[in-house]
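Visitor: My file is upload_0.csv. It has CSV, C-alpha atoms:
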```csv
chain,number,residue,atom,x,y,z
A,1,SER,CA,79.6,38.8,5.9
A,2,VAL,CA,79.6,38.4,9.7
A,3,ALA,CA,75.9,37.5,9.7
A,4,HIS,CA,76.6,34.9,7.1
A,5,ASP,CA,79.4,33.4,9.2
A,6,TYR,CA,77.0,33.2,12.2
A,7,GLU,CA,74.4,31.5,10.0
A,8,LEU,CA,76.9,28.9,9.0
A,9,LEU,CA,78.1,28.4,12.6
A,10,LEU,CA,74.6,27.8,13.8
A,11,ARG,CA,73.8,25.4,11.0
A,12,SER,CA,76.8,23.4,12.1
A,13,ASN,CA,76.1,23.8,15.8
A,14,PRO,CA,72.4,24.2,16.3
A,15,ASN,CA,72.6,23.7,20.1
A,16,TYR,CA,75.5,26.2,20.7
A,17,ALA,CA,73.8,28.7,23.0
A,18,ALA,CA,76.7,31.2,23.1
A,19,ALA,CA,76.6,31.6,19.3
A,20,TYR,CA,72.9,32.5,19.5
A,21,VAL,CA,73.7,35.0,22.2
A,22,ALA,CA,76.5,36.7,20.1
A,23,TYR,CA,74.4,36.6,16.9
A,24,GLY,CA,71.4,38.0,18.8
A,25,PHE,CA,73.4,40.9,20.1
A,26,LEU,CA,74.8,41.6,16.7
A,27,LEU,CA,71.3,41.7,15.1
A,28,GLY,CA,70.1,44.0,17.8
A,29,LYS,CA,72.9,46.5,17.2
A,30,VAL,CA,72.1,46.7,13.5
A,31,GLY,CA,68.4,47.4,14.1
A,32,MET,CA,67.0,43.9,13.5
A,33,GLY,CA,65.1,43.7,16.8
A,34,ASP,CA,62.7,40.9,16.0
A,35,GLU,CA,65.4,38.7,14.6
A,36,SER,CA,67.6,39.4,17.6
A,37,VAL,CA,64.9,38.4,20.0
A,38,LYS,CA,64.4,35.1,18.2
A,39,MET,CA,68.1,34.3,18.6
A,40,LEU,CA,68.1,35.3,22.3
A,41,LEU,CA,64.9,33.2,22.9
A,42,ARG,CA,66.7,30.2,21.4
A,43,ALA,CA,69.7,30.8,23.5
A,44,ASN,CA,67.5,31.0,26.6
A,45,GLN,CA,65.8,27.8,25.6
A,46,LEU,CA,69.2,26.0,25.3
A,47,ASP,CA,70.7,27.5,28.4
A,48,PRO,CA,68.3,29.2,30.9
A,49,ASP,CA,71.2,30.4,33.1
A,50,ILE,CA,72.6,33.2,31.1
A,51,PRO,CA,71.8,36.5,33.0
A,52,LEU,CA,72.8,38.7,30.0
A,53,VAL,CA,70.1,37.0,27.9
A,54,LYS,CA,67.5,37.4,30.6
A,55,ASN,CA,68.3,41.0,30.9
A,56,GLN,CA,68.2,41.7,27.1
A,57,LEU,CA,64.9,39.9,26.8
A,58,GLY,CA,63.6,42.1,29.6
A,59,ASN,CA,64.8,45.2,27.8
A,60,HIS,CA,63.0,44.1,24.6
A,61,LEU,CA,59.7,43.5,26.4
A,62,ALA,CA,60.0,46.8,28.3
A,63,GLU,CA,60.7,48.7,25.2
A,64,SER,CA,57.7,47.0,23.5
A,65,GLY,CA,55.4,48.2,26.2
A,66,LYS,CA,55.1,44.9,28.1
A,67,PRO,CA,56.4,45.7,31.6
A,68,LEU,CA,54.6,42.9,33.3
A,69,GLN,CA,56.3,40.4,31.0
A,70,ALA,CA,59.6,42.1,31.3
A,71,ALA,CA,59.8,42.1,35.1
A,72,PRO,CA,60.3,38.3,35.5
A,73,TYR,CA,63.2,38.4,33.1
A,74,TYR,CA,64.9,41.2,35.0
A,75,ILE,CA,64.3,39.4,38.3
A,76,ALA,CA,65.7,36.2,36.8
A,77,ALA,CA,68.8,38.1,35.6
A,78,ILE,CA,69.3,39.4,39.1
A,79,LYS,CA,69.0,36.0,40.7
A,80,LEU,CA,71.6,34.6,38.3
A,81,ASP,CA,74.0,37.5,38.7
A,82,PRO,CA,73.0,39.5,41.9
A,83,ASN,CA,76.2,41.6,41.8
A,84,GLU,CA,75.5,43.2,38.4
A,85,PRO,CA,74.3,46.8,39.2
A,86,LEU,CA,72.7,47.4,35.8
A,87,TYR,CA,70.2,44.6,36.3
A,88,HIS,CA,69.0,46.2,39.6
A,89,TYR,CA,68.9,49.6,38.1
A,90,GLN,CA,66.8,48.5,35.1
A,91,LEU,CA,64.3,46.7,37.4
A,92,GLY,CA,63.9,49.8,39.5
A,93,THR,CA,63.4,51.9,36.4
A,94,LEU,CA,60.8,49.5,35.1
A,95,LEU,CA,58.8,49.4,38.3
A,96,VAL,CA,58.6,53.1,38.7
A,97,GLU,CA,57.9,53.9,35.1
A,98,ALA,CA,55.2,51.3,34.7
A,99,ARG,CA,53.9,51.6,38.3
A,100,ASP,CA,50.2,52.1,37.3
A,101,GLU,CA,50.2,49.0,35.0
A,102,PHE,CA,51.8,46.8,37.8
A,103,LEU,CA,49.2,48.0,40.3
A,104,ARG,CA,46.3,47.5,37.8
A,105,SER,CA,47.4,43.9,37.3
A,106,GLY,CA,46.5,43.1,40.9
A,107,GLU,CA,49.7,41.2,41.3
A,108,TRP,CA,51.5,44.0,43.1
A,109,THR,CA,50.5,46.2,46.0
A,110,ARG,CA,51.9,49.7,46.3
A,111,SER,CA,53.9,48.9,49.3
A,112,VAL,CA,55.5,45.8,47.7
A,113,LEU,CA,56.2,47.7,44.5
A,114,ASP,CA,57.7,50.7,46.3
A,115,ALA,CA,59.9,48.4,48.4
A,116,ALA,CA,61.1,46.5,45.4
A,117,MET,CA,61.8,49.7,43.4
A,118,HIS,CA,63.6,51.4,46.2
A,119,ASP,CA,65.7,48.4,47.0
A,120,ALA,CA,66.6,47.9,43.3
A,121,PHE,CA,68.0,51.5,43.1
A,122,ARG,CA,69.7,51.1,46.5
A,123,ARG,CA,71.5,47.9,45.4
A,124,ALA,CA,72.6,49.4,42.1
A,125,ALA,CA,74.1,52.3,43.9
A,126,GLU,CA,75.8,50.1,46.4
A,127,LEU,CA,77.2,47.7,43.8
A,128,ALA,CA,78.5,50.6,41.6
A,129,PRO,CA,79.8,53.3,44.0
A,130,ASN,CA,81.6,55.0,41.1
A,131,ARG,CA,78.4,55.4,39.0
A,132,PHE,CA,77.2,58.8,40.2
A,133,GLU,CA,74.0,58.5,38.2
A,134,PHE,CA,73.0,55.3,40.1
A,135,ALA,CA,73.5,57.0,43.5
A,136,TYR,CA,71.5,60.0,42.2
A,137,ARG,CA,68.6,57.9,41.1
A,138,PHE,CA,68.5,56.1,44.4
A,139,ALA,CA,68.3,59.5,46.2
A,140,GLU,CA,65.6,60.5,43.7
A,141,SER,CA,63.6,57.4,44.4
A,142,PHE,CA,62.5,58.7,47.8
A,143,TYR,CA,60.2,61.1,45.9
A,144,ASP,CA,58.6,58.1,44.2
A,145,LEU,CA,57.6,56.4,47.4
A,146,GLU,CA,54.1,56.6,48.8
A,147,GLN,CA,55.5,56.8,52.4
A,148,PRO,CA,59.1,58.1,52.1
A,149,ASP,CA,61.5,58.2,55.0
A,150,TRP,CA,62.5,61.8,54.6
A,151,ASP,CA,65.3,61.6,57.2
A,152,ALA,CA,66.9,58.8,55.1
A,153,ALA,CA,66.4,60.9,52.0
A,154,LEU,CA,68.2,63.8,53.6
A,155,ARG,CA,71.1,61.6,54.4
A,156,ALA,CA,71.2,60.3,50.8
A,157,TRP,CA,71.3,63.7,49.3
A,158,SER,CA,74.0,64.8,51.8
A,159,ASP,CA,76.1,61.8,51.0
A,160,LEU,CA,75.7,62.5,47.3
A,161,GLU,CA,76.9,66.1,47.7
A,162,GLU,CA,80.2,64.7,48.9
A,163,LYS,CA,80.5,62.6,45.7
A,164,ALA,CA,79.4,65.4,43.2
A,165,PRO,CA,82.4,66.4,41.0
A,166,THR,CA,81.4,70.0,40.2
A,167,ASP,CA,80.1,73.0,42.1
A,168,VAL,CA,76.8,73.1,40.2
A,169,GLU,CA,76.2,69.5,41.0
A,170,ARG,CA,77.0,70.0,44.6
A,171,GLN,CA,74.6,72.9,44.8
A,172,THR,CA,72.0,70.8,43.0
A,173,MET,CA,72.2,68.3,45.9
A,174,ARG,CA,71.7,71.2,48.3
A,175,LEU,CA,68.6,72.2,46.5
A,176,HIS,CA,67.3,68.7,47.0
A,177,ALA,CA,68.4,68.7,50.7
A,178,ALA,CA,66.6,72.0,51.2
A,179,ASN,CA,63.4,70.5,49.6
A,180,ILE,CA,63.6,67.6,52.0
A,181,CYS,CA,64.1,69.9,55.0
A,182,LEU,CA,60.9,71.7,54.0
A,183,LYS,CA,59.1,68.3,53.9
A,184,LEU,CA,60.5,67.7,57.4
A,185,GLY,CA,59.1,71.0,58.6
A,186,LYS,CA,62.6,72.6,59.0
A,187,PRO,CA,62.4,75.8,57.0
A,188,GLU,CA,65.4,77.4,58.8
A,189,HIS,CA,67.6,74.5,57.7
A,190,ALA,CA,66.3,74.8,54.2
A,191,GLN,CA,67.0,78.6,54.2
A,192,ALA,CA,70.6,78.0,55.4
A,193,LEU,CA,71.2,75.5,52.6
A,194,LEU,CA,69.7,77.7,49.9
A,195,SER,CA,71.9,80.6,51.0
A,196,THR,CA,74.9,78.6,49.6
A,197,VAL,CA,73.2,78.0,46.2
A,198,THR,CA,74.8,80.7,44.0
A,199,GLU,CA,75.0,79.1,40.6
A,200,ALA,CA,73.0,81.1,38.0
A,201,ALA,CA,71.5,78.0,36.4
A,202,LEU,CA,69.9,77.0,39.7
A,203,GLN,CA,68.3,80.3,40.7
A,204,THR,CA,64.8,79.4,39.3
A,205,GLN,CA,64.6,76.3,41.5
A,206,LYS,CA,66.0,78.2,44.4
A,207,GLU,CA,63.4,80.9,44.2
A,208,LYS,CA,60.6,78.3,44.1
A,209,LEU,CA,61.8,76.8,47.4
A,210,LEU,CA,62.2,80.3,48.9
A,211,VAL,CA,58.6,80.9,48.1
A,212,GLN,CA,57.6,77.7,49.9
A,213,ILE,CA,59.7,78.8,52.9
A,214,ALA,CA,57.8,82.1,53.1
A,215,GLU,CA,54.5,80.3,53.0
A,216,LYS,CA,55.4,77.4,55.4
A,217,PRO,CA,56.5,78.4,58.9
A,218,ALA,CA,58.5,76.0,61.0
A,219,LYS,CA,56.7,73.4,63.1
```
Just dump the structure as structure tokens.
Guide:
Amino acid sequence: SVAHDYELLLRSNPNYAAAYVAYGFLLGKVGMGDESVKMLLRANQLDPDIPLVKNQLGNHLAESGKPLQAAPYYIAAIKLDPNEPLYHYQLGTLLVEARDEFLRSGEWTRSVLDAAMHDAFRRAAELAPNRFEFAYRFAESFYDLEQPDWDAALRAWSDLEEKAPTDVERQTMRLHAANICLKLGKPEHAQALLSTVTEAALQTQKEKLLVQIAEKPAK
């Protein structure tokens, strides 16, 4: 019934971009992906300045295994609405998950891709300080870099520990901080951090780091 009403609305108002957007999102929610994209493409044609449409088209292309085509839509959404954290987060996710494909295209170098990915996660975390998962993914993104700044990574995990709502999450941050200390050649610091990790669920990861400490003397 709702779909029928949208069809009538669009017949009467064939250039009403907002109706195509709303109908497109409805079709997407009921599993009619191809039809949804057609509506969104029409909306984008009528009004190229709707960031939500750009983002949704980027999502469709990313989910369809077309990351190179998805990236320009995400970037366009960010340009139109630079303060929406989700757009930055999704661009960062796309760049890291499809890194090999971006590099094979010859249009991206590793340094440019790394910088764009890391900045995207950083901006998402900055714009949504209450979204713990965004801050966590930013801290994680140091591991994805070819040339990470481990001192900055250590600060990120330390800051995140202060925001963690539970003991197990705080101790998880300490595991990451200990891992970074090992990368910095500071096994004593890592040992001190690990001594505070007492949660049973984290003991396997803790033991792996303790083995590394035993094998890697301080610089």
Visitor: Please identify all polymer residues within 10 Å of range 69-81 of chain A, counting only C-alpha atoms, omitting same-chain residues fewer than 5 positions from it, and present them as a list in words.
Guide: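 Returned residues: Pro48, Asp49, Ile50, Pro51, Leu52, Val53, Lys54, Asn55, Gln56, Leu57, Gly58, Asn59, His60, Leu61, Ala62, Glu63, Ser64, Leu86, Tyr87, His88, Tyr89, Gln90, Leu91, Gly92, Leu94, Leu95, Phe102 and Ala120 of chain A.
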Visitor: The selected residues should be written to file as a compact mmCIF listing (two decimals), keeping the file's coordinate frame (atoms: C-alpha atoms).
Guide:
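And here's again-v9.txt as it stands now:
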```
# COMPACT_ATOMS: atom_id res chain seq x y z
CA PRO A 48 68.30 29.20 30.90
CA ASP A 49 71.20 30.40 33.10
CA ILE A 50 72.60 33.20 31.10
CA PRO A 51 71.80 36.50 33.00
CA LEU A 52 72.80 38.70 30.00
CA VAL A 53 70.10 37.00 27.90
CA LYS A 54 67.50 37.40 30.60
CA ASN A 55 68.30 41.00 30.90
CA GLN A 56 68.20 41.70 27.10
CA LEU A 57 64.90 39.90 26.80
CA GLY A 58 63.60 42.10 29.60
CA ASN A 59 64.80 45.20 27.80
CA HIS A 60 63.00 44.10 24.60
CA LEU A 61 59.70 43.50 26.40
CA ALA A 62 60.00 46.80 28.30
CA GLU A 63 60.70 48.70 25.20
CA SER A 64 57.70 47.00 23.50
CA LEU A 86 72.70 47.40 35.80
CA TYR A 87 70.20 44.60 36.30
CA HIS A 88 69.00 46.20 39.60
CA TYR A 89 68.90 49.60 38.10
CA GLN A 90 66.80 48.50 35.10
CA LEU A 91 64.30 46.70 37.40
CA GLY A 92 63.90 49.80 39.50
CA LEU A 94 60.80 49.50 35.10
CA LEU A 95 58.80 49.40 38.30
CA PHE A 102 51.80 46.80 37.80
CA ALA A 120 66.60 47.90 43.30
```
Visitor: Could you work out how far CA of Val197 in chain A lies from CA of Pro165 in chain A, giving the answer in Å with one decimal?
Guide: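 Between CA of Pro165 in chain A and CA of Val197 in chain A the gap works out to 15.7 Å.
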Visitor: Nearest residue to Arg104 in chain A out of A:Leu68, A:Asp159, A:Ala124, A:Phe25, using all atoms listed in the file?
Guide: A:Leu68
Visitor: Per residue of range 97-155 of chain A within 10 Å of range 167-191 of chain A, what are the shortest atom pair and its distance in Å to one decimal, counting all atoms listed in the file, with rows by chain and residue number, as a tab-separated table?
Guide:
```
residue	atom	partner	partner_atom	distance
A:Tyr136	CA	A:Met173	CA	9.1
A:Ala139	CA	A:His176	CA	9.3
A:Glu140	CA	A:His176	CA	9.0
A:Phe142	CA	A:Ile180	CA	9.9
A:Tyr143	CA	A:Ile180	CA	9.5
A:Asp149	CA	A:Leu184	CA	9.8
A:Trp150	CA	A:Ile180	CA	6.5
A:Asp151	CA	A:Leu184	CA	7.8
A:Ala152	CA	A:Ile180	CA	9.9
A:Ala153	CA	A:Ile180	CA	7.3
A:Leu154	CA	A:Ala177	CA	5.7
A:Arg155	CA	A:Ala177	CA	8.4
```
Visitor: Distance CA of Glu126 in chain A-CA of Trp157 in chain A, one decimal place?
Guide: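 Between CA of Glu126 in chain A and CA of Trp157 in chain A the gap is 14.6 Å.
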Visitor: Just how far from CA of Val96 in chain A is CA of Ser111 in chain A, in Å to one decimal?
Guide: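 CA of Val96 in chain A lies 12.3 Å from CA of Ser111 in chain A.
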Visitor: Between A:Met117, A:Leu8, A:Ala22, A:Ala17, which is the closest to Arg42 in chain A once you count all atoms listed in the file?
Guide: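 Closest residue, counting all atoms listed in the file: A:Ala17.
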Visitor: Ranking A:Met32, A:Leu194, A:Leu103, A:Leu46 by minimum distance to Pro67 in chain A and counting all atoms listed in the file, which one comes first?
Guide: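 Using all atoms listed in the file, Pro67 in chain A sits closest to A:Leu103.
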Visitor: In terms of the shortest atom-to-atom distance over all atoms listed in the file, which of A:Arg99, A:Arg11, A:Glu199, A:Thr204 is closest to Leu145 in chain A?
Guide: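 Of the candidates, the smallest distance to Leu145 in chain A is held by A:Arg99.
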